[in-house]
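Everything below belongs to model.cif, which stores mmCIF, C-alpha atoms.
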data_input
#
loop_
_atom_site.label_atom_id
_atom_site.label_comp_id
_atom_site.auth_asym_id
_atom_site.auth_seq_id
_atom_site.Cartn_x
_atom_site.Cartn_y
_atom_site.Cartn_z
CA MET E 1 158.64 99.75 141.43
CA LYS E 2 155.23 101.39 141.45
CA LYS E 3 152.31 99.03 140.81
CA LYS E 4 149.82 99.88 138.09
CA ALA E 5 146.15 100.09 139.00
CA LEU E 6 143.90 97.59 137.26
CA VAL E 7 141.22 99.28 135.19
CA PRO E 8 137.95 97.41 134.43
CA GLY E 9 139.07 96.45 130.91
CA MET E 10 142.28 94.94 132.27
CA LEU E 11 140.32 93.00 134.87
CA CYS E 12 138.08 91.56 132.14
CA ALA E 13 141.10 90.53 130.11
CA LEU E 14 142.65 88.86 133.14
CA LEU E 15 139.42 86.99 133.83
CA VAL E 16 139.32 85.59 130.30
CA ALA E 17 143.01 84.66 130.50
CA ALA E 18 142.49 82.88 133.80
CA LEU E 19 139.58 80.87 132.43
CA ALA E 20 141.61 79.90 129.36
CA ALA E 21 144.47 78.74 131.55
CA PHE E 22 142.25 76.20 133.30
CA ALA E 23 140.28 75.17 130.23
CA GLY E 24 139.55 71.61 129.35
CA SER E 25 139.76 70.45 125.76
CA LEU E 26 137.30 69.13 123.22
CA THR E 27 137.54 65.98 121.12
CA GLU E 28 139.50 66.83 117.98
CA ILE E 29 138.67 64.94 114.77
CA SER E 30 141.16 65.07 111.91
CA LEU E 31 139.78 65.84 108.48
CA GLY E 32 142.73 64.19 106.77
CA ALA E 33 144.23 66.09 103.87
CA SER E 34 141.79 68.98 104.21
CA ARG E 35 143.03 72.55 104.12
CA GLY E 36 141.56 75.49 105.95
CA PRO E 37 138.32 74.34 107.63
CA GLU E 38 136.42 77.59 108.14
CA ALA E 39 132.64 77.18 108.25
CA VAL E 40 130.49 74.45 109.79
CA ALA E 41 126.77 73.59 109.63
CA PHE E 42 124.43 70.76 110.69
CA ASP E 43 121.79 69.19 108.43
CA GLY E 44 120.00 66.99 110.96
CA THR E 45 122.28 63.99 110.39
CA TYR E 46 125.67 65.25 109.27
CA VAL E 47 127.98 68.09 110.19
CA TRP E 48 129.38 69.83 107.11
CA ILE E 49 132.72 71.66 107.08
CA ALA E 50 133.84 74.06 104.34
CA GLN E 51 137.53 73.61 103.44
CA LYS E 52 138.53 77.04 102.20
CA HIS E 53 141.88 76.17 100.63
CA ALA E 54 140.86 72.75 99.30
CA ASN E 55 137.72 74.02 97.51
CA THR E 56 135.72 71.20 99.07
CA VAL E 57 133.16 70.46 101.77
CA THR E 58 133.55 67.51 104.12
CA ARG E 59 130.66 65.60 105.68
CA VAL E 60 130.97 64.11 109.19
CA LYS E 61 128.40 61.89 110.89
CA ALA E 62 127.17 63.76 113.97
CA THR E 63 126.57 60.67 116.10
CA ASP E 64 130.13 59.31 116.01
CA GLY E 65 132.38 61.79 114.17
CA THR E 66 133.05 59.52 111.21
CA VAL E 67 134.14 61.35 108.06
CA SER E 68 131.70 60.19 105.38
CA GLY E 69 132.65 62.10 102.26
CA THR E 70 134.44 65.09 100.77
CA PHE E 71 132.93 66.88 97.77
CA ALA E 72 134.22 69.48 95.32
CA VAL E 73 132.57 72.91 95.34
CA GLY E 74 133.67 76.34 94.12
CA ILE E 75 136.75 78.40 94.83
CA ARG E 76 137.32 79.40 98.47
CA PRO E 77 134.17 78.14 100.22
CA VAL E 78 133.75 80.20 103.40
CA ALA E 79 130.14 79.86 104.60
CA LEU E 80 127.47 77.16 104.94
CA ALA E 81 123.75 77.03 105.72
CA PHE E 82 121.10 74.31 105.82
CA ASP E 83 117.67 75.11 104.33
CA GLY E 84 115.85 72.08 105.72
CA LYS E 85 116.60 69.93 102.67
CA ALA E 86 120.00 70.89 101.29
CA ILE E 87 123.30 72.52 102.26
CA TRP E 88 124.28 75.86 100.72
CA VAL E 89 127.92 76.81 100.16
CA ALA E 90 129.22 80.34 99.59
CA ASN E 91 132.26 80.31 97.27
CA SER E 92 133.94 83.64 97.88
CA GLN E 93 136.28 83.64 94.88
CA SER E 94 133.85 82.02 92.45
CA ASP E 95 131.33 84.77 93.26
CA ASN E 96 128.56 82.20 93.57
CA VAL E 97 126.63 79.98 95.93
CA MET E 98 125.80 76.30 95.47
CA ARG E 99 122.94 74.16 96.72
CA VAL E 100 124.32 70.72 97.61
CA ARG E 101 122.29 67.54 98.13
CA THR E 102 122.99 66.15 101.61
CA THR E 103 122.62 62.48 100.67
CA ASP E 104 125.50 62.37 98.19
CA GLY E 105 127.15 65.80 97.94
CA VAL E 106 125.90 66.44 94.40
CA VAL E 107 125.62 70.14 93.46
CA VAL E 108 121.97 70.70 92.57
CA PHE E 109 122.52 74.16 91.10
CA THR E 110 124.88 77.14 91.22
CA LEU E 111 123.95 80.81 91.08
CA ALA E 112 125.73 84.14 91.14
CA THR E 113 124.59 86.51 93.87
CA GLY E 114 127.26 89.19 94.08
CA ASP E 115 130.95 89.93 94.55
CA GLY E 116 132.60 87.80 97.23
CA PRO E 117 129.78 85.93 99.00
CA ASP E 118 130.94 85.62 102.59
CA GLY E 119 127.98 84.72 104.83
CA LEU E 120 124.75 82.70 104.67
CA THR E 121 121.64 82.25 106.76
CA PHE E 122 118.25 80.60 106.23
CA ASP E 123 115.22 82.41 107.67
CA GLY E 124 112.84 79.46 107.44
CA THR E 125 111.67 80.42 103.96
CA ASN E 126 114.51 82.07 102.04
CA LEU E 127 118.30 82.06 101.98
CA TRP E 128 120.25 85.28 102.61
CA VAL E 129 123.75 85.85 101.25
CA SER E 130 126.15 88.62 102.28
CA ASN E 131 128.25 89.80 99.33
CA ARG E 132 131.35 91.16 100.99
CA GLN E 133 132.93 93.08 98.14
CA ASP E 134 129.86 94.96 96.91
CA ASN E 135 128.35 95.75 100.34
CA ARG E 136 125.04 94.07 99.59
CA VAL E 137 122.89 91.20 100.79
CA SER E 138 120.89 88.95 98.45
CA LYS E 139 117.62 87.16 99.23
CA VAL E 140 117.28 83.82 97.39
CA ARG E 141 114.33 81.47 96.93
CA VAL E 142 115.76 78.10 97.93
CA GLN E 143 113.75 75.75 95.73
CA ASP E 144 114.96 77.22 92.43
CA GLY E 145 117.69 79.75 93.26
CA VAL E 146 115.79 82.80 92.04
CA VAL E 147 117.22 86.01 93.53
CA LEU E 148 114.25 87.83 95.06
CA GLY E 149 116.10 91.02 95.94
CA THR E 150 119.47 92.62 96.63
CA PHE E 151 119.82 95.19 99.42
CA ASN E 152 122.51 97.66 100.43
CA VAL E 153 124.04 97.24 103.88
CA GLY E 154 127.33 98.41 105.46
CA ARG E 155 130.93 97.92 104.39
CA LEU E 156 132.28 94.38 104.03
CA PRO E 157 129.23 92.43 105.24
CA SER E 158 130.02 89.04 106.74
CA GLY E 159 127.97 87.04 109.26
CA LEU E 160 124.16 86.88 109.13
CA ALA E 161 121.37 85.72 111.41
CA SER E 162 117.58 85.68 111.41
CA ASP E 163 115.48 86.51 114.47
CA GLY E 164 112.38 85.06 112.82
CA THR E 165 111.21 88.39 111.40
CA ASN E 166 114.37 90.31 110.53
CA ILE E 167 117.84 89.66 109.16
CA TRP E 168 120.90 90.96 111.01
CA VAL E 169 124.10 91.60 109.07
CA ALA E 170 127.57 92.12 110.54
CA ASN E 171 129.38 94.88 108.63
CA SER E 172 133.02 94.14 109.41
CA GLY E 173 134.33 97.18 107.55
CA ASP E 174 132.44 99.82 109.52
CA HIS E 175 132.00 98.08 112.89
CA SER E 176 128.22 97.89 112.78
CA VAL E 177 125.26 95.59 112.22
CA THR E 178 122.35 96.30 109.89
CA LYS E 179 118.78 95.15 110.54
CA LEU E 180 116.71 94.28 107.45
CA ARG E 181 113.02 93.35 107.39
CA ALA E 182 112.95 89.83 105.99
CA LYS E 183 109.73 90.17 104.00
CA ASP E 184 111.02 92.97 101.76
CA GLY E 185 114.62 93.82 102.72
CA LEU E 186 113.71 97.24 104.10
CA LYS E 187 116.58 98.64 106.19
CA LEU E 188 115.29 99.18 109.74
CA GLY E 189 118.49 100.45 111.29
CA THR E 190 122.26 100.23 111.56
CA PHE E 191 123.83 99.91 115.00
CA ASP E 192 127.40 100.31 116.24
CA VAL E 193 129.10 97.31 117.82
CA GLY E 194 132.80 96.43 118.32
CA ARG E 195 135.70 96.31 115.91
CA ALA E 196 135.33 94.02 112.87
CA PRO E 197 132.09 92.20 113.75
CA TYR E 198 132.25 88.66 112.39
CA GLY E 199 129.51 86.31 113.61
CA VAL E 200 125.87 86.87 114.49
CA ALA E 201 123.43 84.62 116.37
CA TYR E 202 119.91 84.94 117.73
CA GLY E 203 119.24 83.42 121.12
CA ALA E 204 117.46 84.12 124.39
CA SER E 205 115.46 86.88 122.68
CA SER E 206 118.65 88.80 121.87
CA ILE E 207 121.06 89.34 118.99
CA TRP E 208 124.67 88.39 119.75
CA VAL E 209 127.55 89.79 117.67
CA THR E 210 131.18 88.69 117.91
CA ASN E 211 133.75 91.45 117.43
CA PHE E 212 136.92 89.89 116.05
CA PHE E 213 139.41 92.66 116.82
CA SER E 214 137.74 93.75 120.06
CA GLY E 215 137.81 90.24 121.51
CA ASN E 216 134.28 90.58 122.82
CA VAL E 217 130.59 89.95 122.16
CA THR E 218 127.89 92.60 121.92
CA LYS E 219 124.32 91.78 123.01
CA LEU E 220 121.58 93.78 121.26
CA ARG E 221 117.85 94.15 121.83
CA PRO E 222 116.16 93.04 118.57
CA SER E 223 113.34 95.58 118.72
CA ASP E 224 115.54 98.66 118.49
CA GLY E 225 119.19 97.56 118.36
CA ALA E 226 119.97 98.93 121.83
CA VAL E 227 123.19 97.55 123.32
CA LEU E 228 122.34 95.39 126.34
CA GLY E 229 125.94 94.55 127.17
CA THR E 230 129.43 93.93 125.88
CA PHE E 231 131.30 90.89 127.19
CA PRO E 232 134.98 89.90 126.84
CA VAL E 233 135.69 86.42 125.49
CA GLY E 234 139.25 86.50 124.17
CA ASP E 235 141.28 87.46 121.13
CA GLY E 236 139.72 86.90 117.73
CA ALA E 237 136.05 86.40 118.61
CA ALA E 238 134.73 84.61 115.52
CA GLY E 239 131.91 82.09 115.04
CA VAL E 240 129.01 81.99 117.49
CA ALA E 241 126.19 79.49 118.11
CA PHE E 242 123.31 79.25 120.59
CA ASP E 243 122.53 75.83 122.09
CA GLY E 244 119.22 76.76 123.68
CA ALA E 245 120.79 77.72 127.00
CA SER E 246 124.26 79.15 126.32
CA LEU E 247 126.27 80.94 123.64
CA TRP E 248 129.45 79.37 122.26
CA VAL E 249 132.10 81.64 120.75
CA ALA E 250 135.25 80.56 118.90
CA THR E 251 138.28 82.59 119.95
CA ASN E 252 140.56 82.41 116.94
CA GLY E 253 143.50 84.11 118.64
CA THR E 254 143.57 81.80 121.66
CA ASN E 255 142.74 78.47 119.97
CA GLY E 256 139.62 77.89 121.99
CA VAL E 257 135.88 78.17 122.41
CA VAL E 258 134.15 80.04 125.24
CA ARG E 259 130.71 79.31 126.69
CA LEU E 260 128.65 82.31 127.79
CA SER E 261 125.49 82.38 129.84
CA THR E 262 122.65 84.47 128.44
CA SER E 263 123.63 87.16 130.94
CA GLY E 264 127.00 87.37 129.22
CA ALA E 265 129.08 85.68 131.92
CA VAL E 266 131.86 83.33 130.81
CA THR E 267 130.98 79.96 132.35
CA ALA E 268 133.66 77.79 130.74
CA SER E 269 136.36 77.74 128.09
CA TYR E 270 137.86 74.85 126.17
CA ALA E 271 140.91 74.31 124.01
CA THR E 272 140.26 73.48 120.35
CA GLY E 273 142.52 73.04 117.36
CA LYS E 274 144.42 75.97 115.87
CA LYS E 275 142.69 79.11 114.61
CA PRO E 276 139.03 78.13 115.10
CA PHE E 277 136.40 80.01 113.11
CA GLY E 278 132.96 78.47 112.56
CA VAL E 279 130.75 77.02 115.32
CA THR E 280 127.49 75.06 115.10
CA PHE E 281 125.20 73.11 117.44
CA ASP E 282 123.68 69.78 116.36
CA GLY E 283 121.03 69.54 119.07
CA SER E 284 123.36 67.66 121.40
CA ASN E 285 126.93 68.79 120.74
CA ILE E 286 128.99 71.77 119.68
CA TRP E 287 131.27 71.59 116.61
CA VAL E 288 134.12 73.99 115.86
CA ALA E 289 136.02 74.26 112.56
CA ASN E 290 139.78 74.65 113.14
CA PHE E 291 141.25 76.58 110.22
CA GLY E 292 144.86 76.03 111.26
CA SER E 293 144.65 72.36 112.26
CA ASN E 294 142.69 70.76 109.40
CA SER E 295 140.31 69.42 112.01
CA VAL E 296 137.01 69.91 113.77
CA SER E 297 136.65 69.99 117.57
CA THR E 298 133.49 68.78 119.29
CA THR E 299 131.90 68.10 122.65
CA LEU E 300 130.96 64.66 121.22
CA LEU E 301 132.62 61.80 123.14
CA LYS E 302 133.60 64.07 126.03
#
Can you turn what I pasted into structure tokens?
Amino acid sequence: MKKKALVPGMLCALLVAALAAFAGSLTEISLGASRGPEAVAFDGTYVWIAQKHANTVTRVKATDGTVSGTFAVGIRPVALAFDGKAIWVANSQSDNVMRVRTTDGVVVFTLATGDGPDGLTFDGTNLWVSNRQDNRVSKVRVQDGVVLGTFNVGRLPSGLASDGTNIWVANSGDHSVTKLRAKDGLKLGTFDVGRAPYGVAYGASSIWVTNFFSGNVTKLRPSDGAVLGTFPVGDGAAGVAFDGASLWVATNGTNGVVRLSTSGAVTASYATGKKPFGVTFDGSNIWVANFGSNSVSTTLLK
């Protein structure tokens, strides 16, 4: 039988598969009767996990992994962000976002931003919300929830990130990212990436975009959106976080998380729970929300 030649794409896929085969595993913490952990965020003391199908958020102590409370929010919470004082929750089917007090889980206020809020990020001053069903992003003043502006982006906006000056929006419906100037929402450009971009992170002076259906990560130059590289990570590239030295990417289709160097090389991969989505870094450890396992995986205690 004639052997097939290995093309570069096949070699990349084999590399990722080989790394996954020898992966270690992270500590997995059960969230009890939770359903559908999807997003995760750190507030300086606690890790918060949004339970999409339970309509709750769960709080876990970052130092030891102890579950320390579960609190009711809106319908289908799918994104979280910390504004320095409180946690924000995007409730995709309630068409609103909530500001939640970190000390006791009390909802401080609720506001409507658009149809199907799906992503959140805090730029150091204001909160940004991607409204998936109306192809817009809202800018919100955190202290009182006043909407300061709403801006058109691409189709089905999802993940968001700030580079300190601009906001980057993953448009999952048209395989692109949009760059908005944070001070006024002016659109500075839209740039092609992979299929169904999901997560966005800023790190090592670059923008990193996970492409869910391409199974890879695109690295962009913030000044002009130029593609600096595209790197395979595995099926279902989802949440992404920067730990100050490396990128961590949840691979939803392979039940794992991959660590990338800032050059884009895969340096390690680890097994998580089933169907991981969100990833966050607490200053010491990585946390991954496992949608299919009702758990969170972490480098804590490893």
Expected selection from the PyMOL selection byres ((chain E and resi 109) around 10), given as a list in words: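 In the shown coordinates, the PyMOL selection byres ((chain E and resi 109) around 10) covers Trp88, Val97, Met98, Arg99, Val100, Arg101, Val106, Val107, Val108, Thr110, Leu111, Asp144 and Gly145 of chain E.
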Shell of 10 Å around Thr70 in chain E, all atoms listed in the file, local chain residues under 6 positions omitted, as a PyMOL selection string: chain E and resi 31+34+48-51+56-60+104-105
Once the PyMOL selection byres ((chain E and resi 128) around 8) has been applied to the shown file, what residues remain in the selection, as a short mmCIF file (atom, residue, chain, number, x, y, z; two decimals) with C-alpha atoms, in the coordinates of the input?
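Done, and the output landed in expr_14.cif:
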data_model
loop_
_atom_site.label_atom_id
_atom_site.label_comp_id
_atom_site.auth_asym_id
_atom_site.auth_seq_id
_atom_site.Cartn_x
_atom_site.Cartn_y
_atom_site.Cartn_z
CA LEU E 120 124.75 82.70 104.67
CA THR E 121 121.64 82.25 106.76
CA PHE E 122 118.25 80.60 106.23
CA ASP E 123 115.22 82.41 107.67
CA ASN E 126 114.51 82.07 102.04
CA LEU E 127 118.30 82.06 101.98
CA VAL E 129 123.75 85.85 101.25
CA SER E 130 126.15 88.62 102.28
CA VAL E 137 122.89 91.20 100.79
CA SER E 138 120.89 88.95 98.45
CA LYS E 139 117.62 87.16 99.23
CA VAL E 140 117.28 83.82 97.39
CA LEU E 160 124.16 86.88 109.13
#
d(CA of Gly32 in chain E, CA of Pro276 in chain E) in Å: 16.7 Å
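Across the chains present, the PyMOL selection byres ((chain E and resi 92) around 10) applied to this file returns Lys52, Gly74, Ile75, Arg76, Pro77, Val78, Ala79, Val89, Ala90, Asn91, Gln93, Ser94, Asp95, Asn96, Val97, Gly114, Asp115, Gly116, Pro117, Asp118, Gly119, Asn131, Arg132 and Gln133 of chain E.
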CA of Leu26 in chain E to CA of Trp208 in chain E, straight-line distance in Å: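 Computed distance, CA of Trp208 in chain E to CA of Leu26 in chain E, equals 23.3 Å.
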Separation of CA of Leu188 in chain E from CA of Lys219 in chain E in Å: 17.7 Å
Spatial neighbours of Gly164 in chain E, 12 Å, all atoms listed in the file, chain gap at least 6 places, as a VMD selection string: chain E and resid 121 to 126 180 to 183 201 to 203 205 to 207 222
Surrounding residues of Leu156 in chain E excluding itself and chain neighbours under 4 positions, 6 Å, all atoms listed in the file, as number ranges by chain: E: 132, 135, 171-173
Distance criterion (only C-alpha atoms): nearest to Ile87 in chain E out of E:Thr45, E:Asn285, E:Asn55, E:Thr113: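 For Ile87 in chain E, the nearest of the candidates is E:Thr45.
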Shell of 9 Å around range 239-245 of chain E, only C-alpha atoms, local chain residues under 6 positions omitted, as a list in words: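 Those residues are Ala39, Gly159, Tyr198, Gly199, Val200, Ala201, Tyr202, Gly203, Ala204, Trp208, Val209, Thr210, Thr251, Asn252, Ser261, Thr262, Pro276, Phe277, Gly278, Val279, Thr280, Phe281, Asp282, Gly283, Ser284, Asn285, Ile286 and Val288 of chain E.
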Residue neighbourhood Gly256 in chain E, 10 Å, all atoms listed in the file, exclusion window fewer than 2 positions, as a ChimeraX atom specification: /E:20,23-26,234-237,249-254,258,269-277,288,290,297
Residue among E:Ala268, E:Trp287, E:Val217, E:Ser295 lying closest to Tyr46 in chain E, counting only C-alpha atoms: E:Trp287
